[in-house]
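Containing PDB, C-alpha atoms and all ligand atoms: upload15.pdb.
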MODEL        1
ATOM      1  CA  MET A 945      45.887 -27.636  10.391
ATOM      2  CA  ASP A 946      48.915 -25.349  10.458
ATOM      3  CA  THR A 947      47.706 -22.518   8.241
ATOM      4  CA  THR A 948      49.858 -19.556   7.216
ATOM      5  CA  ARG A 949      47.730 -17.330   9.464
ATOM      6  CA  ASN A 950      48.439 -19.564  12.467
ATOM      7  CA  ARG A 951      52.147 -19.579  11.690
ATOM      8  CA  LEU A 952      52.130 -15.793  11.346
ATOM      9  CA  ILE A 953      50.396 -15.476  14.716
ATOM     10  CA  ARG A 954      52.981 -17.770  16.262
ATOM     11  CA  VAL A 955      55.935 -15.776  14.885
ATOM     12  CA  LEU A 956      54.425 -12.479  16.075
ATOM     13  CA  GLN A 957      53.793 -14.031  19.456
ATOM     14  CA  GLU A 958      57.404 -15.214  19.722
ATOM     15  CA  HIS A 959      58.442 -11.573  19.208
ATOM     16  CA  GLU A 960      55.856 -10.073  21.539
ATOM     17  CA  GLY A 961      56.820  -6.525  22.561
ATOM     18  CA  ALA A 962      59.188  -6.120  19.580
ATOM     19  CA  TYR A 963      58.855  -5.166  15.919
ATOM     20  CA  VAL A 964      59.193  -7.909  13.330
ATOM     21  CA  SER A 965      60.189  -6.845   9.842
ATOM     22  CA  GLY A 966      58.028  -7.656   6.833
ATOM     23  CA  GLN A 967      61.081  -9.249   5.211
ATOM     24  CA  TYR A 968      61.686 -11.544   8.175
ATOM     25  CA  LEU A 969      58.034 -12.612   8.208
ATOM     26  CA  SER A 970      58.061 -13.157   4.475
ATOM     27  CA  ASP A 971      61.214 -15.347   4.748
ATOM     28  CA  GLN A 972      59.844 -17.314   7.693
ATOM     29  CA  LEU A 973      56.482 -18.026   6.098
ATOM     30  CA  GLY A 974      57.608 -18.306   2.488
ATOM     31  CA  ILE A 975      55.078 -15.756   1.215
ATOM     32  CA  SER A 976      55.435 -12.271  -0.311
ATOM     33  CA  ARG A 977      55.523  -9.091   1.745
ATOM     34  CA  ALA A 978      52.274  -8.051   0.049
ATOM     35  CA  ALA A 979      50.688 -11.282   1.306
ATOM     36  CA  ILE A 980      51.986 -10.533   4.821
ATOM     37  CA  TRP A 981      50.338  -7.125   4.630
ATOM     38  CA  LYS A 982      47.033  -8.741   3.628
ATOM     39  CA  HIS A 983      47.206 -11.117   6.584
ATOM     40  CA  MET A 984      47.877  -8.137   8.899
ATOM     41  CA  LYS A 985      44.749  -6.428   7.582
ATOM     42  CA  ALA A 986      42.768  -9.598   8.280
ATOM     43  CA  LEU A 987      44.140  -9.710  11.829
ATOM     44  CA  GLU A 988      43.129  -6.067  12.303
ATOM     45  CA  ALA A 989      39.644  -6.904  11.100
ATOM     46  CA  ASP A 990      39.615  -9.540  13.838
ATOM     47  CA  GLY A 991      40.310  -6.812  16.394
ATOM     48  CA  TYR A 992      44.096  -7.061  16.788
ATOM     49  CA  GLU A 993      45.800  -3.707  17.269
ATOM     50  CA  ILE A 994      48.859  -3.758  15.058
ATOM     51  CA  ASP A 995      51.569  -1.118  14.796
ATOM     52  CA  ALA A 996      53.063  -0.997  11.304
ATOM     53  CA  VAL A 997      56.155   1.233  11.232
ATOM     54  CA  PRO A 998      58.238   1.776   8.067
ATOM     55  CA  ARG A 999      61.715   0.165   8.274
ATOM     56  CA  LYS A1000      60.848  -1.447  11.630
ATOM     57  CA  GLY A1001      57.990  -3.750  10.731
ATOM     58  CA  TYR A1002      54.972  -4.981  12.628
ATOM     59  CA  GLN A1003      54.166  -5.301  16.285
ATOM     60  CA  VAL A1004      50.966  -6.588  17.898
ATOM     61  CA  ARG A1005      49.962  -4.140  20.617
ATOM     62  CA  GLN A1006      46.845  -5.889  21.768
ATOM     63  CA  SER A1007      44.932  -9.019  20.963
ATOM     64  CA  PRO A1008      41.166  -8.556  21.010
ATOM     65  CA  ASP A1009      38.431 -10.151  23.061
ATOM     66  CA  LYS A1010      36.530 -10.816  19.862
ATOM     67  CA  LEU A1011      36.550 -14.567  19.516
ATOM     68  CA  SER A1012      37.752 -16.014  16.256
ATOM     69  CA  LYS A1013      40.031 -18.815  15.165
ATOM     70  CA  ASN A1014      42.906 -16.323  15.035
ATOM     71  CA  THR A1015      42.402 -14.850  18.474
ATOM     72  CA  LEU A1016      41.974 -18.310  19.929
ATOM     73  CA  ASN A1017      45.284 -19.357  18.430
ATOM     74  CA  TRP A1018      47.002 -16.312  19.863
ATOM     75  CA  GLN A1019      49.254 -17.384  22.774
ATOM     76  CA  LEU A1020      47.799 -20.887  22.812
ATOM     77  CA  ASP A1021      50.186 -23.227  24.596
ATOM     78  CA  THR A1022      48.182 -26.371  25.231
ATOM     79  CA  SER A1023      49.451 -29.729  24.070
ATOM     80  CA  TRP A1024      46.241 -31.368  22.812
ATOM     81  CA  ILE A1025      43.133 -29.349  23.666
ATOM     82  CA  GLY A1026      42.315 -26.801  20.978
ATOM     83  CA  ARG A1027      45.033 -27.894  18.571
ATOM     84  CA  LYS A1028      42.074 -28.085  16.193
ATOM     85  CA  ILE A1029      39.455 -25.371  16.671
ATOM     86  CA  ILE A1030      36.161 -24.970  14.888
ATOM     87  CA  PHE A1031      34.804 -21.502  15.507
ATOM     88  CA  GLU A1032      31.353 -20.307  14.443
ATOM     89  CA  LYS A1033      29.953 -16.812  14.953
ATOM     90  CA  GLU A1034      26.493 -18.278  15.341
ATOM     91  CA  ILE A1035      25.384 -21.869  15.624
ATOM     92  CA  ASP A1036      22.415 -23.812  16.992
ATOM     93  CA  SER A1037      24.564 -25.683  19.513
ATOM     94  CA  THR A1038      28.317 -26.375  19.665
ATOM     95  CA  GLN A1039      27.387 -29.665  21.292
ATOM     96  CA  MET A1040      25.414 -30.845  18.270
ATOM     97  CA  LEU A1041      28.170 -29.904  15.818
ATOM     98  CA  ALA A1042      30.852 -31.493  18.028
ATOM     99  CA  LYS A1043      28.855 -34.736  18.229
ATOM    100  CA  ALA A1044      28.396 -34.811  14.455
ATOM    101  CA  LEU A1045      32.120 -34.145  13.911
ATOM    102  CA  ALA A1046      33.081 -36.777  16.474
ATOM    103  CA  ASP A1047      30.880 -39.294  14.618
ATOM    104  CA  GLN A1048      32.833 -38.423  11.484
ATOM    105  CA  GLY A1049      36.150 -39.098  13.253
ATOM    106  CA  ALA A1050      37.248 -35.650  14.538
ATOM    107  CA  ALA A1051      40.433 -35.862  16.593
ATOM    108  CA  HIS A1052      40.824 -36.059  20.374
ATOM    109  CA  GLY A1053      41.099 -32.482  21.644
ATOM    110  CA  THR A1054      39.065 -30.851  18.878
ATOM    111  CA  VAL A1055      37.055 -27.919  20.249
ATOM    112  CA  VAL A1056      33.914 -26.423  18.748
ATOM    113  CA  LEU A1057      33.326 -22.874  19.960
ATOM    114  CA  ALA A1058      30.702 -20.292  19.111
ATOM    115  CA  ASP A1059      30.151 -16.634  19.899
ATOM    116  CA  LYS A1060      26.406 -17.266  20.062
ATOM    117  CA  GLN A1061      24.173 -20.343  20.261
ATOM    118  CA  THR A1062      20.568 -20.154  19.134
ATOM    119  CA  SER A1063      19.614 -23.501  20.648
ATOM    120  CA  GLY A1064      22.074 -24.143  23.487
ATOM    121  CA  LYS A1065      21.483 -27.387  25.376
ATOM    122  CA  GLY A1066      21.580 -27.795  29.131
ATOM    123  CA  THR A1067      21.358 -30.954  31.209
ATOM    124  CA  LYS A1068      18.038 -32.813  31.603
ATOM    125  CA  GLY A1069      16.688 -31.477  28.308
ATOM    126  CA  ARG A1070      16.829 -27.861  29.524
ATOM    127  CA  SER A1071      17.898 -25.041  27.248
ATOM    128  CA  TRP A1072      21.020 -22.945  27.809
ATOM    129  CA  HIS A1073      20.799 -19.221  27.128
ATOM    130  CA  SER A1074      23.855 -18.339  25.013
ATOM    131  CA  PRO A1075      23.749 -14.744  23.703
ATOM    132  CA  ALA A1076      26.400 -13.262  21.399
ATOM    133  CA  GLY A1077      29.709 -11.897  22.627
ATOM    134  CA  THR A1078      29.212 -12.438  26.341
ATOM    135  CA  GLY A1079      29.906 -16.036  27.254
ATOM    136  CA  ILE A1080      32.057 -19.066  26.614
ATOM    137  CA  TRP A1081      30.110 -21.732  24.747
ATOM    138  CA  MET A1082      32.334 -24.653  23.812
ATOM    139  CA  SER A1083      32.335 -28.406  23.278
ATOM    140  CA  LEU A1084      35.467 -30.525  23.561
ATOM    141  CA  ILE A1085      35.825 -33.900  21.858
ATOM    142  CA  ILE A1086      37.593 -36.503  23.979
ATOM    143  CA  ARG A1087      38.545 -40.018  22.910
ATOM    144  CA  PRO A1088      39.434 -41.584  26.238
ATOM    145  CA  GLU A1089      41.310 -44.762  26.965
ATOM    146  CA  PHE A1090      39.102 -45.512  29.948
ATOM    147  CA  GLY A1091      35.723 -47.217  29.797
ATOM    148  CA  PRO A1092      32.118 -45.960  30.087
ATOM    149  CA  ARG A1093      31.975 -46.627  33.853
ATOM    150  CA  GLU A1094      34.509 -43.856  34.432
ATOM    151  CA  ALA A1095      32.815 -41.262  32.207
ATOM    152  CA  ALA A1096      30.877 -39.657  35.075
ATOM    153  CA  GLN A1097      34.163 -39.164  36.896
ATOM    154  CA  LEU A1098      35.461 -37.209  33.937
ATOM    155  CA  THR A1099      32.612 -34.736  34.390
ATOM    156  CA  LEU A1100      33.527 -34.319  38.055
ATOM    157  CA  ALA A1101      37.151 -33.828  37.008
ATOM    158  CA  ALA A1102      36.102 -31.181  34.480
ATOM    159  CA  ALA A1103      34.293 -29.288  37.250
ATOM    160  CA  VAL A1104      37.531 -29.316  39.244
ATOM    161  CA  ALA A1105      39.451 -27.929  36.254
ATOM    162  CA  LEU A1106      36.931 -25.128  35.722
ATOM    163  CA  THR A1107      36.836 -24.163  39.383
ATOM    164  CA  ARG A1108      40.638 -24.244  39.570
ATOM    165  CA  ALA A1109      40.803 -21.864  36.601
ATOM    166  CA  PHE A1110      38.380 -19.437  38.284
ATOM    167  CA  ARG A1111      40.282 -19.582  41.576
ATOM    168  CA  LYS A1112      43.524 -18.793  39.734
ATOM    169  CA  GLU A1113      41.784 -15.623  38.585
ATOM    170  CA  GLY A1114      40.805 -14.774  42.165
ATOM    171  CA  ILE A1115      37.191 -15.861  41.689
ATOM    172  CA  ASP A1116      35.860 -17.805  44.643
ATOM    173  CA  ALA A1117      33.816 -20.275  42.590
ATOM    174  CA  GLU A1118      32.515 -23.523  44.087
ATOM    175  CA  ILE A1119      31.313 -26.814  42.697
ATOM    176  CA  LYS A1120      27.680 -27.652  43.247
ATOM    177  CA  TRP A1121      27.069 -31.396  42.967
ATOM    178  CA  PRO A1122      27.561 -32.889  40.524
ATOM    179  CA  ASN A1123      29.193 -30.408  38.207
ATOM    180  CA  ASP A1124      27.666 -26.958  38.246
ATOM    181  CA  ILE A1125      29.905 -24.057  39.102
ATOM    182  CA  TYR A1126      28.454 -21.520  41.508
ATOM    183  CA  LEU A1127      29.601 -18.104  42.584
ATOM    184  CA  ASN A1128      27.973 -16.323  45.526
ATOM    185  CA  GLU A1129      25.170 -18.908  45.566
ATOM    186  CA  LYS A1130      24.269 -18.425  41.896
ATOM    187  CA  LYS A1131      25.060 -20.555  38.861
ATOM    188  CA  LEU A1132      27.993 -19.281  36.843
ATOM    189  CA  ALA A1133      28.749 -22.263  34.614
ATOM    190  CA  GLY A1134      27.427 -25.669  33.630
ATOM    191  CA  ILE A1135      28.847 -28.829  32.113
ATOM    192  CA  LEU A1136      27.042 -31.200  29.786
ATOM    193  CA  THR A1137      28.775 -34.504  29.107
ATOM    194  CA  GLU A1138      27.522 -36.737  26.326
ATOM    195  CA  MET A1139      29.046 -39.994  25.268
ATOM    196  CA  GLN A1140      28.897 -42.381  22.335
ATOM    197  CA  ALA A1141      29.789 -45.784  23.720
ATOM    198  CA  GLU A1142      29.372 -49.528  23.624
ATOM    199  CA  GLN A1143      29.189 -51.667  26.738
ATOM    200  CA  ASP A1144      32.889 -51.438  27.503
ATOM    201  CA  TYR A1145      34.257 -49.025  24.928
ATOM    202  CA  ILE A1146      33.856 -45.278  24.548
ATOM    203  CA  HIS A1147      33.896 -44.004  20.971
ATOM    204  CA  HIS A1148      33.947 -40.420  22.157
ATOM    205  CA  ILE A1149      32.827 -38.043  24.844
ATOM    206  CA  VAL A1150      31.681 -34.509  24.084
ATOM    207  CA  LEU A1151      32.263 -32.239  27.051
ATOM    208  CA  GLY A1152      30.108 -29.135  26.688
ATOM    209  CA  ILE A1153      30.944 -26.139  28.839
ATOM    210  CA  GLY A1154      28.868 -22.990  29.168
ATOM    211  CA  ILE A1155      30.130 -20.035  31.229
ATOM    212  CA  ASN A1156      28.424 -16.698  31.759
ATOM    213  CA  ILE A1157      31.166 -14.103  31.417
ATOM    214  CA  ASN A1158      30.270 -10.537  30.537
ATOM    215  CA  GLN A1159      26.476 -10.513  30.781
ATOM    216  CA  LYS A1160      24.923  -7.715  32.759
ATOM    217  CA  GLU A1161      21.938  -8.474  34.997
ATOM    218  CA  LYS A1162      19.492  -7.305  32.298
ATOM    219  CA  ASP A1163      21.038  -9.701  29.760
ATOM    220  CA  LEU A1164      19.987 -12.756  31.779
ATOM    221  CA  PRO A1165      16.484 -14.080  31.032
ATOM    222  CA  PRO A1166      14.123 -12.883  33.814
ATOM    223  CA  ASP A1167      13.212 -16.433  34.871
ATOM    224  CA  ILE A1168      16.820 -17.279  35.816
ATOM    225  CA  ARG A1169      17.949 -13.882  37.180
ATOM    226  CA  ASP A1170      17.655 -14.960  40.805
ATOM    227  CA  LYS A1171      19.506 -18.257  40.182
ATOM    228  CA  ALA A1172      22.183 -17.383  37.616
ATOM    229  CA  THR A1173      25.043 -14.946  37.452
ATOM    230  CA  SER A1174      28.046 -13.925  35.337
ATOM    231  CA  LEU A1175      31.646 -13.017  36.123
ATOM    232  CA  HIS A1176      30.839  -9.422  35.216
ATOM    233  CA  ILE A1177      27.844  -9.218  37.546
ATOM    234  CA  GLU A1178      29.933 -10.520  40.453
ATOM    235  CA  THR A1179      33.150  -8.573  39.810
ATOM    236  CA  GLN A1180      32.056  -5.468  37.831
ATOM    237  CA  LYS A1181      34.922  -6.237  35.435
ATOM    238  CA  GLU A1182      35.001  -6.970  31.696
ATOM    239  CA  TRP A1183      36.716 -10.322  31.217
ATOM    240  CA  LYS A1184      38.746 -11.404  28.202
ATOM    241  CA  ARG A1185      37.106 -14.624  27.120
ATOM    242  CA  GLN A1186      40.057 -15.805  25.076
ATOM    243  CA  GLU A1187      42.419 -15.704  28.082
ATOM    244  CA  LEU A1188      39.946 -17.603  30.238
ATOM    245  CA  ILE A1189      39.439 -20.193  27.518
ATOM    246  CA  HIS A1190      43.180 -20.858  27.354
ATOM    247  CA  LEU A1191      43.432 -21.075  31.129
ATOM    248  CA  ILE A1192      40.529 -23.536  31.240
ATOM    249  CA  TRP A1193      42.050 -25.679  28.504
ATOM    250  CA  LYS A1194      45.361 -25.792  30.428
ATOM    251  CA  GLU A1195      43.575 -26.812  33.628
ATOM    252  CA  LEU A1196      41.535 -29.425  31.769
ATOM    253  CA  GLU A1197      44.747 -30.896  30.352
ATOM    254  CA  SER A1198      46.354 -30.957  33.770
ATOM    255  CA  VAL A1199      43.371 -32.581  35.500
ATOM    256  CA  TYR A1200      42.944 -35.061  32.639
ATOM    257  CA  ALA A1201      46.620 -36.106  32.826
ATOM    258  CA  HIS A1202      46.321 -36.544  36.575
ATOM    259  CA  TYR A1203      43.140 -38.536  36.240
ATOM    260  CA  THR A1204      44.372 -40.870  33.533
ATOM    261  CA  LYS A1205      47.672 -41.534  35.379
ATOM    262  CA  ALA A1206      46.656 -41.587  39.027
ATOM    263  CA  GLY A1207      42.951 -42.423  38.837
ATOM    264  CA  PHE A1208      39.968 -40.700  40.368
ATOM    265  CA  ALA A1209      41.305 -40.728  43.948
ATOM    266  CA  SER A1210      43.670 -37.846  43.112
ATOM    267  CA  ILE A1211      40.797 -35.697  41.832
ATOM    268  CA  ARG A1212      38.314 -36.675  44.519
ATOM    269  CA  GLU A1213      40.115 -34.854  47.304
ATOM    270  CA  GLU A1214      40.324 -31.646  45.332
ATOM    271  CA  TRP A1215      36.676 -31.936  44.311
ATOM    272  CA  MET A1216      35.780 -32.130  48.016
ATOM    273  CA  GLN A1217      37.877 -29.052  48.803
ATOM    274  CA  LEU A1218      36.141 -27.072  46.088
ATOM    275  CA  ALA A1219      32.604 -28.309  46.748
ATOM    276  CA  SER A1220      29.945 -26.197  48.400
ATOM    277  CA  ARG A1221      27.706 -27.353  51.270
ATOM    278  CA  LEU A1222      29.975 -30.113  52.527
ATOM    279  CA  GLY A1223      28.826 -31.311  55.970
ATOM    280  CA  ARG A1224      25.565 -29.335  55.699
ATOM    281  CA  ARG A1225      21.912 -30.316  55.341
ATOM    282  CA  VAL A1226      20.579 -30.495  51.791
ATOM    283  CA  LYS A1227      17.348 -31.486  50.087
ATOM    284  CA  VAL A1228      17.913 -34.550  47.912
ATOM    285  CA  THR A1229      15.761 -35.440  44.906
ATOM    286  CA  THR A1230      16.366 -38.844  43.328
ATOM    287  CA  PRO A1231      14.285 -40.423  40.540
ATOM    288  CA  THR A1232      12.239 -42.185  43.255
ATOM    289  CA  ALA A1233      12.337 -40.070  46.435
ATOM    290  CA  ILE A1234      12.756 -36.660  48.044
ATOM    291  CA  PHE A1235      14.406 -36.434  51.474
ATOM    292  CA  GLU A1236      16.786 -34.386  53.616
ATOM    293  CA  ALA A1237      20.309 -35.505  54.468
ATOM    294  CA  VAL A1238      23.772 -34.239  55.332
ATOM    295  CA  PHE A1239      26.029 -33.920  52.296
ATOM    296  CA  GLN A1240      29.233 -35.817  53.063
ATOM    297  CA  GLY A1241      30.927 -35.442  49.689
ATOM    298  CA  ILE A1242      31.753 -38.056  47.086
ATOM    299  CA  GLY A1243      33.058 -41.592  47.320
ATOM    300  CA  ALA A1244      35.954 -43.367  45.636
ATOM    301  CA  GLU A1245      34.040 -43.735  42.386
ATOM    302  CA  GLY A1246      32.516 -40.267  42.390
ATOM    303  CA  GLU A1247      29.200 -41.349  43.887
ATOM    304  CA  LEU A1248      27.281 -39.014  46.205
ATOM    305  CA  LEU A1249      27.641 -39.707  49.947
ATOM    306  CA  LEU A1250      24.703 -38.699  52.133
ATOM    307  CA  GLU A1251      24.136 -39.177  55.835
ATOM    308  CA  LYS A1252      20.480 -39.858  56.414
ATOM    309  CA  THR A1253      18.570 -39.089  59.631
ATOM    310  CA  ASP A1254      19.211 -42.642  60.896
ATOM    311  CA  GLY A1255      22.941 -41.848  60.848
ATOM    312  CA  LEU A1256      23.709 -44.287  58.032
ATOM    313  CA  THR A1257      25.612 -43.248  54.939
ATOM    314  CA  GLN A1258      23.865 -43.769  51.638
ATOM    315  CA  ARG A1259      25.651 -43.888  48.276
ATOM    316  CA  ILE A1260      23.701 -42.432  45.353
ATOM    317  CA  TYR A1261      24.705 -42.098  41.727
ATOM    318  CA  SER A1262      21.995 -39.815  40.437
ATOM    319  CA  ALA A1263      20.358 -37.047  42.451
ATOM    320  CA  GLU A1264      19.802 -33.316  42.548
ATOM    321  CA  LEU A1265      20.744 -31.358  45.638
ATOM    322  CA  GLU A1266      19.063 -28.139  46.763
ATOM    323  CA  TRP A1267      19.414 -25.840  49.726
TER
HETATM  324  C1  LIG A1301      23.920 -27.315  32.352
HETATM  325  O1  LIG A1301      22.708 -27.435  32.147
HETATM  326  O2  LIG A1301      24.347 -26.955  33.455
HETATM  327  C2  LIG A1301      24.906 -27.600  31.252
HETATM  328  C3  LIG A1301      25.041 -26.455  30.296
HETATM  329  C4  LIG A1301      25.993 -26.715  29.168
HETATM  330  C5  LIG A1301      25.977 -25.608  28.137
HETATM  331  C6  LIG A1301      27.036 -25.778  27.113
HETATM  332  S1  LIG A1301      27.300 -24.320  26.169
HETATM  333  C7  LIG A1301      28.326 -25.192  25.079
HETATM  334  C8  LIG A1301      27.693 -26.547  24.847
HETATM  335  N1  LIG A1301      26.711 -26.465  23.779
HETATM  336  C9  LIG A1301      25.480 -26.670  24.226
HETATM  337  O3  LIG A1301      24.454 -26.648  23.515
HETATM  338  N2  LIG A1301      25.496 -26.899  25.540
HETATM  339  C10 LIG A1301      26.829 -26.878  26.087
ENDMDL
END

When written as structure tokens, how does the structure in this file appear?
Amino acid sequence: MDTTRNRLIRVLQEHEGAYVSGQYLSDQLGISRAAIWKHMKALEADGYEIDAVPRKGYQVRQSPDKLSKNTLNWQLDTSWIGRKIIFEKEIDSTQMLAKALADQGAAHGTVVLADKQTSGKGTKGRSWHSPAGTGIWMSLIIRPEFGPREAAQLTLAAAVALTRAFRKEGIDAEIKWPNDIYLNEKKLAGILTEMQAEQDYIHHIVLGIGININQKEKDLPPDIRDKATSLHIETQKEWKRQELIHLIWKELESVYAHYTKAGFASIREEWMQLASRLGRRVKVTTPTAIFEAVFQGIGAEGELLLEKTDGLTQRIYSAELEW
């Protein structure tokens, strides 16, 4: 929905680095100058730093890291992801709300985001620690034109998009099969894909993404401290979540467009380039067996390729890898 606040943000953004007069804003938005002033106060409450100078007008000096619908709209230039944003300060799980909204018909590209989750969900029924103010916890609703057989490939594609975004920021992240993102041998981000489908038709997919951003070591639960990490722990920097979110959305759009036009083959190669442990020995756990093999990458459909001790290549669709 194109609210007045969103339109105001867009006008200010178009004039970034310059003052915009109250009169101009009032003409553009069709509201009084007093109403403009009220909106500016609301933006300040959201953490924007705004210069208000008599006879010159308003200028945004800095957008905040505080996540809100406003800050997420600031400088957003995606074409479909995040055109509708549902932001909650605290929620049980963005995944659960996104699934409920998708059931009610929420549009392709809708994103549910929260500053904190009290009951974050991981894969395989695990929980996902999601404290306030330090991570990116979001669920994207996708209504694909492809069928359920391809849904697993979408998860692999999403891992490529995430890793690409990190690499653009100079972070040497890697994909750990199938779709965890690792940095310096520790888990930085995870993806949870859930789908509502019939045999050959997908109603919707909810792509849940959790990324540890500004947690310090002591903020991670003790039982995962040796396995998990955050961008802050690895770089000693404070990261602006909103900028990363936009970058990730852009990369997701780009990978999705590629995938839907050119098929999985175009993504597969990049996945292999970004994957960790390629050509190395790994411990494989499937629902029925545990064995060692050499990780050869993924096949044309996104299946796992493993070279067993007899030299033969085995194709597996569901397995955990450890090393
Ligand atoms: C994993 O176990 O690796 C997947 C973790 C996915 C966590 C994200 S955070 C946003 C979304 N909401 C949830 O409850 N889970 C996903």

Could the residues of chain A that have an atom at most 10 Å from ligand LIG 1301 (chain A) be listed as a tab-separated table, each with its closest atom pair and the distance in Å to one decimal, counting all atoms listed in the file and ordered by chain and ascending residue number?
residue	atom	partner	partner_atom	distance
A:Ile1035	CA	A:LIG1301	O3	9.3
A:Asp1036	CA	A:LIG1301	O3	7.4
A:Ser1037	CA	A:LIG1301	O3	4.1
A:Thr1038	CA	A:LIG1301	N1	4.4
A:Gln1039	CA	A:LIG1301	N1	4.1
A:Met1040	CA	A:LIG1301	O3	6.8
A:Leu1041	CA	A:LIG1301	N1	8.8
A:Ala1042	CA	A:LIG1301	N1	8.7
A:Val1056	CA	A:LIG1301	C7	8.5
A:Leu1057	CA	A:LIG1301	C7	7.5
A:Ala1058	CA	A:LIG1301	C7	8.1
A:Lys1060	CA	A:LIG1301	S1	9.4
A:Gln1061	CA	A:LIG1301	O3	7.1
A:Thr1062	CA	A:LIG1301	O3	8.7
A:Ser1063	CA	A:LIG1301	O3	6.4
A:Gly1064	CA	A:LIG1301	O3	3.5
A:Lys1065	CA	A:LIG1301	O3	3.6
A:Gly1066	CA	A:LIG1301	O1	3.2
A:Thr1067	CA	A:LIG1301	O1	3.9
A:Lys1068	CA	A:LIG1301	O1	7.1
A:Gly1069	CA	A:LIG1301	O1	8.2
A:Arg1070	CA	A:LIG1301	O1	6.5
A:Ser1071	CA	A:LIG1301	O1	7.3
A:Trp1072	CA	A:LIG1301	C5	5.6
A:His1073	CA	A:LIG1301	C5	8.3
A:Ser1074	CA	A:LIG1301	S1	7.0
A:Gly1079	CA	A:LIG1301	S1	8.8
A:Ile1080	CA	A:LIG1301	S1	7.1
A:Trp1081	CA	A:LIG1301	C7	3.9
A:Met1082	CA	A:LIG1301	C7	4.2
A:Ser1083	CA	A:LIG1301	C8	5.2
A:Leu1084	CA	A:LIG1301	C8	8.8
A:Pro1122	CA	A:LIG1301	O2	9.8
A:Asn1123	CA	A:LIG1301	O2	7.6
A:Asp1124	CA	A:LIG1301	O2	5.8
A:Ile1125	CA	A:LIG1301	O2	8.4
A:Lys1131	CA	A:LIG1301	O2	8.4
A:Leu1132	CA	A:LIG1301	O2	9.1
A:Ala1133	CA	A:LIG1301	O2	6.5
A:Gly1134	CA	A:LIG1301	O2	3.3
A:Ile1135	CA	A:LIG1301	C2	4.2
A:Leu1136	CA	A:LIG1301	C2	4.4
A:Thr1137	CA	A:LIG1301	C2	8.2
A:Glu1138	CA	A:LIG1301	C10	9.9
A:Val1150	CA	A:LIG1301	C8	8.9
A:Leu1151	CA	A:LIG1301	C8	7.6
A:Gly1152	CA	A:LIG1301	C8	4.0
A:Ile1153	CA	A:LIG1301	C6	4.3
A:Gly1154	CA	A:LIG1301	S1	3.6
A:Ile1155	CA	A:LIG1301	S1	7.2
A:Asn1156	CA	A:LIG1301	S1	9.5

Task: Selection result of the PyMOL selection byres (((chain A and resi 1013) around 9) and not hetatm) on this file, as an NGL selection string - done: :A and (950 or 1011-1012 or 1014-1018 or 1029-1032)

Task: Non-local contacts of A:Trp1024 (9 Å; all atoms listed in the file; under 5 positions in same chain excluded) as a list in words - done: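 Final neighbour list, sorted by chain and number: His1052, Gly1053, Thr1054 and Glu1197 of chain A.
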
Using all atoms listed in the file, find each residue in stretch 1097-1196 of chain A having at least one atom no more than 6 Å away from stretch 1212-1224 of chain A; report its shortest atom-to-atom pair and that distance in Å (one decimal), rows by chain then rising number, as a tab-separated table.
residue	atom	partner	partner_atom	distance
A:Val1104	CA	A:Trp1215	CA	5.8
A:Glu1118	CA	A:Leu1218	CA	5.5
A:Ile1119	CA	A:Ala1219	CA	4.5
A:Lys1120	CA	A:Ser1220	CA	5.8

- [ ] Skip A:Leu1098 itself and residues of its chain fewer than 2 positions away, then list as a list of chain:residue names all residues within 10 Å of it, counting all atoms listed in the file.
- [x] A:Pro1088, A:Phe1090, A:Glu1094, A:Ala1095, A:Ala1096, A:Leu1100, A:Ala1101, A:Ala1102, A:Ala1103, A:Val1104, A:Thr1137, A:Ile1149, A:Leu1151, A:Val1199, A:Tyr1200, A:Tyr1203, A:Thr1204, A:Phe1208, A:Ile1211, A:Gly1246

Open item on the list: For the provided coordinates, the residues matched by the PyMOL selection byres (((chain A and resi 1261) around 9) and not hetatm) should be stated as number ranges by chain.
Closed with: A: 1246-1248, 1259-1260, 1262-1263

TODO: Choose the residue, out of A:Ala1172, A:Leu1164, A:Val955, A:Ile1146, that has the smallest atom-to-atom separation from A:Glu1129; count only C-alpha atoms.
DONE: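 Ranking A:Ala1172, A:Leu1164, A:Val955, A:Ile1146 by distance to A:Glu1129, first place goes to A:Ala1172.
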
Open item on the list: Can you measure atom CA of A:Ile1189 to atom CA of A:Ala1209 for me? One decimal in Å is fine.
Closed with: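 Straight-line distance from atom CA of A:Ile1189 to atom CA of A:Ala1209 works out to 26.4 Å.
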
Decode the PyMOL selection byres (((chain A and resi 1178) around 12) and not hetatm) for the given file into explicit residues and return them as a short mmCIF file (atom, residue, chain, number, x, y, z; two decimals) with C-alpha atoms, in the frame of the given file.
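Saved to expr-v9.cif:
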data_model
loop_
_atom_site.label_atom_id
_atom_site.label_comp_id
_atom_site.auth_asym_id
_atom_site.auth_seq_id
_atom_site.Cartn_x
_atom_site.Cartn_y
_atom_site.Cartn_z
CA GLY A 1114 40.80 -14.77 42.16
CA ILE A 1115 37.19 -15.86 41.69
CA ASP A 1116 35.86 -17.80 44.64
CA ALA A 1117 33.82 -20.27 42.59
CA TYR A 1126 28.45 -21.52 41.51
CA LEU A 1127 29.60 -18.10 42.58
CA ASN A 1128 27.97 -16.32 45.53
CA GLU A 1129 25.17 -18.91 45.57
CA LYS A 1130 24.27 -18.42 41.90
CA LYS A 1131 25.06 -20.56 38.86
CA LEU A 1132 27.99 -19.28 36.84
CA ASN A 1156 28.42 -16.70 31.76
CA ILE A 1157 31.17 -14.10 31.42
CA ASN A 1158 30.27 -10.54 30.54
CA GLN A 1159 26.48 -10.51 30.78
CA LYS A 1160 24.92 -7.72 32.76
CA GLU A 1161 21.94 -8.47 35.00
CA ALA A 1172 22.18 -17.38 37.62
CA THR A 1173 25.04 -14.95 37.45
CA SER A 1174 28.05 -13.92 35.34
CA LEU A 1175 31.65 -13.02 36.12
CA HIS A 1176 30.84 -9.42 35.22
CA ILE A 1177 27.84 -9.22 37.55
CA THR A 1179 33.15 -8.57 39.81
CA GLN A 1180 32.06 -5.47 37.83
CA LYS A 1181 34.92 -6.24 35.44
CA GLU A 1182 35.00 -6.97 31.70
CA TRP A 1183 36.72 -10.32 31.22
#
